[in-house]
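Asks: First, the structure itself, so that you have it in front of you.
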Amino acid sequence: MNSEQNILSAQNLEIGYKSSTFSKLVYGPISLNSCKGEIVAIVGRNGIGKSTLLRTLAGLQTPVSGNVIVKHSLLSELPRRQRAQSISFVPSDSVLVQNLTVKEFVALGRFPYNDWNENLSEADWNAVTTSLELVGVEHLSNCNITEISDGERHRAMIAFALAQDTDIILLDEPTAFLDISNKIEVINLLRREAQKGKTVIFTTHDLNIAFREVDTIWLMHPEVFAVGTPEELALNGSFDKLLEGTSVQFNPMLGTFATPRKPLATISLTASSEMLFVWTKFALERIGFSVETDSENEVYTLSCTTDCWQLSIKNETKAFDSLGNLCRFLKSKIELKP
């Protein structure tokens with residue numbers, strides 16, 4: 001990476017807790033760089049220091065040693081207003097501010113550009129409205145920030161960061177309170193912000209999001225700080241290192257994370273369409289079967305069309321009108337081979 005492209009970087013950074021009388025190292029030393037237009041996921045096991053790293057990069061926590069550099073300036077030496085114009089931070093915990101509407105709360109994101117005794121300009125309010133619309137909470141503008149759901153409040157906090165209009169957006173578990181559709185929408189929003197030239201860095205426990213959606217992963221492991229594209233980390237075995245000591249395995253051929261199951265029996269499957277084959281195969285594997293396509297060597301054979309699943313067991317045949325009924329029969333009536 002060209003050093004001129006670096007917008008946020010650190011060399012030999014040690015993170016933790018430091019005061020005049022006390023110092024506790026959590027993680028490090030590490031070196032990192034991120035550039036304009038990049039979306040980065042920080043992943044690692046619980047307690048490894050992901051949030052501590054993010055707070056250190058935001059300037060909310062003092063490094064044990066080393067420095068954070070924003071563009072070409074030390075973060076520790078930036079005046080507060082300049083820092084707030086450069087970096088926005090969305091914590092994982094909901095911010096509860098009494099007696100503010102959602103719109104008024106998001107408007108606080110414009111504070112780096114105004115004195116506290118100044119009224120917001122039309123341009124400021126336009127930025128607030130746009131931010132509310134981008135995260136999909138404009139309909140809650142006049143609601144009290146304390147009287148909406150955790151998921152809605154977290155989206156409002158992201159709107160606050162967008163209204164702040166910084167080059168760097170840091171988010172701690174931005175999808176933690178969201179359902180699946182809102183989670184995907186927020187990730188897509190963050191990607192669009194990166195495409196506009198923002199640098200987006202977030203922590204996540206969702207490895208599938210990290211693997212599918214980001215440009216770069218910072219993988220925190222007790223023995224190594226691995227940096228690379230998701231594909232590079234898949235190829236060099238970093239995900240295997242991350243999952244050591246757990247029952248979860250990374251499948252490098254599919255790019256999936258799952259707990260492998262030992263098949264209880266095998267079944268031969270044919271289907272009238274590729275999609276029907278795929279989803280029937282998923283269902284059979286979920287209840288304990290290994291799916292094959294060679295009907296001559298299997299005790300169980302299954303052929304399926306859109307509305308019929310025909311199961312053969314030795315010389316007996318039984319038809320089912322749904323996948324659910326087929327699976328219930330296989331689970332309760334058939335003694336699977338060990």
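By order in the structure tokens, chains are A, B, ...; within a chain, residues start at 1; ligands start at 1, following the order shown.
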Quick one: everything within 12 Å of His72 in chain A, counting only C-alpha atoms, minus sequence neighbours fewer than 4 positions away in the same chain. Send it as an MDAnalysis selection string.
Replies: chainID A and resid 3:10 67:68 77:78
Asks: Write out as a list in words which residues come within 9 Å of Ala210 in chain A when counting only C-alpha atoms, dropping same-chain ones fewer than 6 positions away.
Replies: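 The contact residues come out as Val40, Ala41, Ile42, Val43, Thr204, Thr216, Ile217 and Pro230 of chain A.
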Asks: Could you dump the residues just selected with N, CA and C atoms as a CSV table (one decimal), in the first residue's frame?
Replies:
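The file below, selection32.csv, is the result:
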```
chain,number,residue,atom,x,y,z
A,40,VAL,N,-13.0,-2.1,6.7
A,40,VAL,CA,-12.1,-3.1,7.4
A,40,VAL,C,-13.0,-3.7,8.5
A,41,ALA,N,-12.9,-5.0,8.7
A,41,ALA,CA,-13.5,-5.7,9.9
A,41,ALA,C,-12.4,-6.2,10.8
A,42,ILE,N,-12.6,-5.9,12.1
A,42,ILE,CA,-11.7,-6.4,13.2
A,42,ILE,C,-12.4,-7.6,13.8
A,43,VAL,N,-11.8,-8.8,13.7
A,43,VAL,CA,-12.4,-10.0,14.2
A,43,VAL,C,-11.4,-10.7,15.2
A,204,THR,N,-16.6,-7.0,14.7
A,204,THR,CA,-17.8,-7.9,14.5
A,204,THR,C,-17.4,-9.3,15.0
A,216,THR,N,-10.7,-5.7,3.8
A,216,THR,CA,-9.6,-6.1,4.6
A,216,THR,C,-10.1,-6.6,6.0
A,217,ILE,N,-9.4,-7.6,6.5
A,217,ILE,CA,-9.7,-8.1,7.9
A,217,ILE,C,-8.5,-7.9,8.7
A,230,PRO,N,-10.1,-11.1,2.8
A,230,PRO,CA,-10.7,-12.3,3.3
A,230,PRO,C,-10.1,-13.5,2.6
```
Asks: When you look at range 97-107 of chain A with a cut-off of 10 Å (counting only C-alpha atoms), what residues show up, excluding the ones that are within fewer than 6 positions of it in the same chain? I need them as a count of residues only.
Replies: 32
Asks: What are the DSSP helix (DSSP H, G or I) residues of range 163-236 of chain A, as JSON, numbers by chain?
Replies: {"A": [163, 164, 180, 181, 182, 183, 184, 185, 186, 187, 188, 189, 190, 191, 192, 193, 194, 195, 207, 208, 209, 210, 211, 212, 213, 230, 231, 232, 233, 234, 235]}
Asks: Convert the current residue selection to file output with C-alpha atoms, as a compact mmCIF listing (two decimals), in the first residue's frame.
Replies:
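What follows is the written file result.txt:
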```txt
# COMPACT_ATOMS: atom_id res chain seq x y z
CA ALA A 163 -24.08 13.56 10.12
CA GLN A 164 -20.66 14.18 11.68
CA ILE A 180 -31.20 -10.02 9.43
CA SER A 181 -32.71 -7.55 6.92
CA ASN A 182 -31.55 -4.48 8.85
CA LYS A 183 -28.13 -6.07 9.37
CA ILE A 184 -27.69 -6.47 5.62
CA GLU A 185 -28.96 -2.93 4.99
CA VAL A 186 -26.48 -1.44 7.48
CA ILE A 187 -23.55 -3.35 5.99
CA ASN A 188 -24.60 -2.19 2.51
CA LEU A 189 -24.82 1.38 3.85
CA LEU A 190 -21.28 1.14 5.27
CA ARG A 191 -20.02 -0.20 1.97
CA ARG A 192 -21.62 2.70 0.11
CA GLU A 193 -19.94 5.14 2.51
CA ALA A 194 -16.61 3.47 1.74
CA GLN A 195 -17.32 3.78 -1.97
CA LEU A 207 -17.38 -14.10 10.52
CA ASN A 208 -19.70 -14.56 7.56
CA ILE A 209 -20.19 -10.78 7.29
CA ALA A 210 -16.45 -10.23 7.61
CA PHE A 211 -15.69 -12.84 4.97
CA ARG A 212 -18.30 -11.68 2.45
CA GLU A 213 -18.47 -7.92 2.78
CA PRO A 230 -10.67 -12.34 3.30
CA GLU A 231 -9.37 -14.47 0.44
CA GLU A 232 -5.74 -14.08 1.54
CA LEU A 233 -6.58 -15.11 5.10
CA ALA A 234 -8.51 -18.12 3.78
CA LEU A 235 -5.55 -19.21 1.69
```
Asks: List every residue of range 88-216 of chain A that DSSP, applied to the backbone of this structure, places in strand (DSSP E or B), and write the result as an MDAnalysis selection string.
Replies: chainID A and resid 88:90 101 144 168:172 199:203 216
Asks: Neighbouring residues of Val200 in chain A were defined as those with any atom within 7 Å, considering only C-alpha atoms; residues of the same chain fewer than 2 positions away were excluded. Please report them as a PyMOL selection string.
Replies: chain A and resi 38-40+168-170+190+194+198+202
Asks: So how far away is CA of Ala123 in chain A from CA of Gly59 in chain A, in Å?
Replies: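 Those two atoms sit 27.8 Å apart.
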Asks: Can you tell me how far CA of Gln85 in chain A sits from CA of Tyr17 in chain A, in Å to one decimal?
Replies: 25.5 Å
Asks: If you measure from CA of Asp307 in chain A to CA of Phe289 in chain A, what distance in Å do you get, rounded to one decimal?
Replies: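 Computing the Euclidean distance for CA of Asp307 in chain A and CA of Phe289 in chain A yields 21.3 Å.
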Asks: Calculated over only C-alpha atoms, which of the candidates A:Met275, A:Val135, A:Leu242, A:Ala226 has the smallest distance to Gly151 in chain A?
Replies: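 Looking only at the distances to Gly151 in chain A, the closest residue turns out to be A:Val135.
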Asks: Pick from A:Thr246, A:Ser238, A:Ser92, A:Thr130: nearest to Phe177 in chain A, with only C-alpha atoms counted?
Replies: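 For Phe177 in chain A, the nearest of the given residues is A:Ser92.
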Asks: Show which residues sit within 7 Å of Leu53 in chain A, as number ranges by chain. Count only C-alpha atoms, and ignore same-chain residues fewer than 4 positions away.
Replies: A: 15, 49, 57
Asks: List the neighbours of Pro91 in chain A out to 10 Å using only C-alpha atoms; skip same-chain residues closer than 5 positions along the sequence, and give me the result as a list in words.
Replies: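 Those residues are Ser51, Leu54, Arg55, His154, Met157, Ile158, Leu170, Leu171, Asp172, Glu173 and Pro174 of chain A.
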Asks: Which of these, A:Leu284, A:Thr166, A:Leu330, A:Arg155, has the shortest distance to Glu133 in chain A once you count only C-alpha atoms?
Replies: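 Counting only C-alpha atoms, the residue closest to Glu133 in chain A is A:Arg155.
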